[in-house]
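Chemist: This is the structure, below, for whatever I ask next.
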Amino acid sequence: MAKARRGKMAAMPRRIERDEVRRLLDQGAQLVEVLPKEEFEEEHLPGAINIPLRRIDARAGELLDSSRPVVVYCWDDP
Amino acid sequence: MYDYGSGKQDWLAAGLPTEGRVASWPRAGTVARTDAPTSSLDERRGEVAERVRAAGWDVCVVVNEERVVLGLLRGEQLEGDPGTRIEEAMRPGPSTFRPHVPIAEMARYMVEHDLPSTPITNGDGILVGVLRREDAAVAALEWQRRHAEEHDHG
């Protein structure tokens with residue numbers, strides 16, 4: 001798997017809604033839940049990986065494939 | 001990169017599949033009955049009440065063409081002048097619950113608040129089904145029994 005270099009994930013994310021999330025997932029997008037590990041383990045969207053927000057800078061480049069779209073989510077709007 | 005701003009809450013409210021420790025727990029949306037009677041605003045009370053009784057129900061959900069919940073008809077709203085339009089007879093804007101609420105939580109709430117049944121709606125207000133208190137209580141007890149057995153054998 002191609003790994004993203006640190007810094008490549010820093011672009012301002014574009015807000016999307018549920019239908020587009022599903023469409024992107026069908027096209028192979030990666031799904032990232034940024035909530036704490038305990039909440040992720042309790043329940044998460046299918047196929048999501050967990051990168052808690054406080055660790056996202058350190059782990060995103062290591063865990064994500066820069067060639068595929070990335071969808072991040074938390075519980076709801078802050 | 002994309003931001004699913006409405007997040008996990010929106011996904012769960014839509015009743016979509018999930019993974020994780022509690023993903024298989026029974027929820028309001030899985031126990032709710034999908035055959036509950038519905039009516040539109042412009043029907044008459046008499047015909048609706050007859051339909052509801054014939055179907056063996058004591059509640060009817062008033063919905064629009066998109067099945068968005070507009071009101072509720074229970075006992076007293078189903079009695080009286082049969083010529084009254086449902087729009088005038090119904091109790092508008094009833095409380096609803098989302099499909100992802102755990103069934104044990106629903107059962108407890110419905111018992112504590114003496115709520116015989118309640119519409120379950122997705123995040124867009126569209127009717128998923130009607131949850132009856134007896135169904136919620138039975139499902140919650142069954143789930144607790146199974147959960148206890150799994151613990152004992154685990």
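Just so we're on the same page: first chain in the structure tokens is A, next is B, and so on; residues restart at 1 for each chain, and ligands are numbered from 1 in the order they show up.
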Residues of chain B no more than 7 Å from chain A, counting only C-alpha atoms: send them over as a PyMOL selection string.
Modeler: chain B and resi 1-9+17-23
Chemist: Can you spit out the residues from that selection as a tab-separated table (two decimals), in the first residue's frame, using N, CA and C atoms?
Modeler:
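The resulting file, result.tsv, is reproduced below:
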chain	number	residue	atom	x	y	z
B	1	MET	N	-9.41	15.23	1.00
B	1	MET	CA	-10.00	14.71	2.23
B	1	MET	C	-11.41	15.28	2.39
B	2	TYR	N	-12.28	14.44	2.95
B	2	TYR	CA	-13.68	14.83	3.14
B	2	TYR	C	-14.06	14.76	4.62
B	3	ASP	N	-14.98	15.63	4.99
B	3	ASP	CA	-15.44	15.67	6.37
B	3	ASP	C	-16.94	15.31	6.41
B	4	TYR	N	-17.23	14.15	6.96
B	4	TYR	CA	-18.64	13.75	7.14
B	4	TYR	C	-19.11	14.46	8.42
B	5	GLY	N	-19.52	15.71	8.25
B	5	GLY	CA	-19.79	16.58	9.39
B	5	GLY	C	-20.90	16.10	10.31
B	6	SER	N	-21.91	15.48	9.75
B	6	SER	CA	-23.03	15.03	10.59
B	6	SER	C	-22.67	13.78	11.38
B	7	GLY	N	-21.61	13.08	10.90
B	7	GLY	CA	-20.95	12.06	11.68
B	7	GLY	C	-21.72	10.80	12.05
B	8	LYS	N	-21.18	10.15	13.06
B	8	LYS	CA	-21.72	8.85	13.48
B	8	LYS	C	-23.18	8.95	13.92
B	9	GLN	N	-23.52	10.05	14.54
B	9	GLN	CA	-24.90	10.21	15.00
B	9	GLN	C	-25.88	10.13	13.81
B	17	PRO	N	-25.94	0.03	8.80
B	17	PRO	CA	-25.15	-0.97	9.54
B	17	PRO	C	-23.91	-0.37	10.19
B	18	THR	N	-23.49	-1.01	11.27
B	18	THR	CA	-22.28	-0.58	11.95
B	18	THR	C	-21.47	-1.82	12.35
B	19	GLU	N	-20.27	-1.58	12.86
B	19	GLU	CA	-19.44	-2.65	13.41
B	19	GLU	C	-19.04	-2.25	14.83
B	20	GLY	N	-18.57	-3.23	15.60
B	20	GLY	CA	-18.10	-2.92	16.96
B	20	GLY	C	-18.84	-3.74	18.00
B	21	ARG	N	-18.46	-3.51	19.25
B	21	ARG	CA	-18.94	-4.34	20.37
B	21	ARG	C	-20.45	-4.33	20.51
B	22	VAL	N	-21.10	-3.18	20.28
B	22	VAL	CA	-22.55	-3.11	20.52
B	22	VAL	C	-23.35	-3.15	19.22
B	23	ALA	N	-22.65	-3.37	18.10
B	23	ALA	CA	-23.33	-3.26	16.80
B	23	ALA	C	-24.48	-4.26	16.64
Chemist: I need the helix (DSSP H, G or I) residues of range 23-57 of chain A per DSSP on the backbone, written as number ranges by chain.
Modeler: A: 23-26, 37-42, 53-57
Chemist: Could you check which of B:Glu142, B:Asp10, B:Asp135, B:Asp152 is closest to Thr30 in chain B, using only C-alpha atoms?
Modeler: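 Looking at the shortest contact to Thr30 in chain B, the residue is B:Asp135.
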Chemist: Could you give me, as a list in words, each residue of range 28-61 of chain B that DSSP assigns to strand (DSSP E) when run on this structure's backbone?
Modeler: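 Listing strand (DSSP E) positions across range 28-61 of chain B yields Thr38, Ser39, Cys60 and Val61 of chain B.
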Chemist: Please provide as a PDB file with N, CA and C atoms, in the first residue's frame all residues within 10 Å of Val48 in chain B, with the sequence filter that same-chain residues fewer than 4 positions apart are discarded (counting only C-alpha atoms).
Modeler:
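So the final result, stored in around.pdb, reads:
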ATOM      1  N   PRO B  37     -50.512   0.985  11.213  1.00  0.00           N
ATOM      2  CA  PRO B  37     -51.340   1.771  10.291  1.00  0.00           C
ATOM      3  C   PRO B  37     -50.909   3.239  10.219  1.00  0.00           C
ATOM      4  N   THR B  38     -51.063   3.795   9.042  1.00  0.00           N
ATOM      5  CA  THR B  38     -50.756   5.219   8.837  1.00  0.00           C
ATOM      6  C   THR B  38     -51.956   5.875   8.157  1.00  0.00           C
ATOM      7  N   SER B  39     -51.990   7.186   8.249  1.00  0.00           N
ATOM      8  CA  SER B  39     -53.033   7.906   7.522  1.00  0.00           C
ATOM      9  C   SER B  39     -52.458   9.226   7.025  1.00  0.00           C
ATOM     10  N   SER B  40     -53.195   9.839   6.124  1.00  0.00           N
ATOM     11  CA  SER B  40     -52.783  11.156   5.627  1.00  0.00           C
ATOM     12  C   SER B  40     -53.647  12.226   6.293  1.00  0.00           C
ATOM     13  N   GLU B  43     -57.626  12.468   5.298  1.00  0.00           N
ATOM     14  CA  GLU B  43     -58.605  11.396   5.503  1.00  0.00           C
ATOM     15  C   GLU B  43     -59.568  11.797   6.627  1.00  0.00           C
ATOM     16  N   ARG B  44     -60.630  11.011   6.773  1.00  0.00           N
ATOM     17  CA  ARG B  44     -61.639  11.288   7.826  1.00  0.00           C
ATOM     18  C   ARG B  44     -61.453  10.309   8.981  1.00  0.00           C
ATOM     19  N   VAL B  52     -57.761   1.124  11.592  1.00  0.00           N
ATOM     20  CA  VAL B  52     -56.837   0.865  12.698  1.00  0.00           C
ATOM     21  C   VAL B  52     -57.340  -0.312  13.531  1.00  0.00           C
ATOM     22  N   ARG B  53     -58.630  -0.289  13.859  1.00  0.00           N
ATOM     23  CA  ARG B  53     -59.211  -1.378  14.661  1.00  0.00           C
ATOM     24  C   ARG B  53     -59.114  -2.710  13.910  1.00  0.00           C
ATOM     25  N   ALA B  54     -59.434  -2.675  12.624  1.00  0.00           N
ATOM     26  CA  ALA B  54     -59.411  -3.914  11.826  1.00  0.00           C
ATOM     27  C   ALA B  54     -58.006  -4.518  11.770  1.00  0.00           C
ATOM     28  N   CYS B  60     -52.291   5.170  15.349  1.00  0.00           N
ATOM     29  CA  CYS B  60     -52.096   5.388  13.907  1.00  0.00           C
ATOM     30  C   CYS B  60     -51.154   6.588  13.736  1.00  0.00           C
ATOM     31  N   LEU B  73     -52.420   9.480  16.245  1.00  0.00           N
ATOM     32  CA  LEU B  73     -53.804   9.269  16.688  1.00  0.00           C
ATOM     33  C   LEU B  73     -53.808   8.102  17.659  1.00  0.00           C
ATOM     34  N   LEU B  78     -59.017   8.909  18.076  1.00  0.00           N
ATOM     35  CA  LEU B  78     -59.689   8.040  17.118  1.00  0.00           C
ATOM     36  C   LEU B  78     -61.200   7.951  17.377  1.00  0.00           C
ATOM     37  N   PRO B  82     -66.947  11.046  13.266  1.00  0.00           N
ATOM     38  CA  PRO B  82     -66.218  10.321  12.209  1.00  0.00           C
ATOM     39  C   PRO B  82     -65.920  11.175  10.981  1.00  0.00           C
ATOM     40  N   ARG B  85     -61.676  15.789   9.886  1.00  0.00           N
ATOM     41  CA  ARG B  85     -60.438  15.541   9.128  1.00  0.00           C
ATOM     42  C   ARG B  85     -59.320  15.160  10.096  1.00  0.00           C
ATOM     43  N   ILE B  86     -58.455  14.270   9.656  1.00  0.00           N
ATOM     44  CA  ILE B  86     -57.352  13.808  10.507  1.00  0.00           C
ATOM     45  C   ILE B  86     -56.478  14.982  10.945  1.00  0.00           C
TER      46      ILE B  86
END
Chemist: Which residues are near Gln144 in chain B? Cut-off 12 Å, only C-alpha atoms, ignore same chain within fewer than 3 positions. Put them as a ChimeraX atom specification.
Modeler: /B:25-26,102-105,137-141,147-151
Chemist: Within 8 Å of range 114-118 of chain B, counting only C-alpha atoms, which residues qualify if same-chain residues fewer than 4 places away don't, as number ranges by chain?
Modeler: B: 59, 95-97, 109-110, 130-134
Chemist: Could the residues in this selection be saved with C-alpha atoms as a PDB file, in the first residue's frame?
Modeler:
ATOM      1  CA  VAL B  59     -52.498   3.849  17.356  1.00  0.00           C
ATOM      2  CA  SER B  95     -42.146  12.627  20.258  1.00  0.00           C
ATOM      3  CA  THR B  96     -40.200  10.176  18.153  1.00  0.00           C
ATOM      4  CA  PHE B  97     -37.070   8.112  18.732  1.00  0.00           C
ATOM      5  CA  TYR B 109     -38.111   4.831  29.109  1.00  0.00           C
ATOM      6  CA  MET B 110     -41.477   3.536  27.897  1.00  0.00           C
ATOM      7  CA  VAL B 130     -43.862   1.846  15.569  1.00  0.00           C
ATOM      8  CA  LEU B 131     -42.302   0.409  18.699  1.00  0.00           C
ATOM      9  CA  ARG B 132     -44.750  -1.106  21.174  1.00  0.00           C
ATOM     10  CA  ARG B 133     -43.864  -1.206  24.854  1.00  0.00           C
ATOM     11  CA  GLU B 134     -44.538  -4.950  25.146  1.00  0.00           C
TER      12      GLU B 134
END
Chemist: Between CA of Ser24 in chain B and CA of Ala36 in chain B, what is the spacing in Å?
Modeler: 24.4 Å
Chemist: Can you pull out every residue within 7 Å of Val69 in chain B, counting only C-alpha atoms, but drop anything in the same chain fewer than 5 positions away, and send it as a PyMOL selection string?
Modeler: chain B and resi 61-64+125-127
Chemist: Between CA of Arg33 in chain B and CA of Trp143 in chain B, what is the spacing in Å?
Modeler: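 Interatomic distance here is 17.7 Å.
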Chemist: One number please: CA of Arg67 in chain B to CA of Leu16 in chain B, in Å, one decimal.
Modeler: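 Separating CA of Arg67 in chain B from CA of Leu16 in chain B is a distance of 18.2 Å.
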Chemist: Measuring atom to atom with only C-alpha atoms, identify which of B:Leu41, B:Pro92, B:Asp58, B:Arg98 is nearest to Gly129 in chain B.
Modeler: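 The shortest atom-to-atom distance to Gly129 in chain B comes from B:Arg98.
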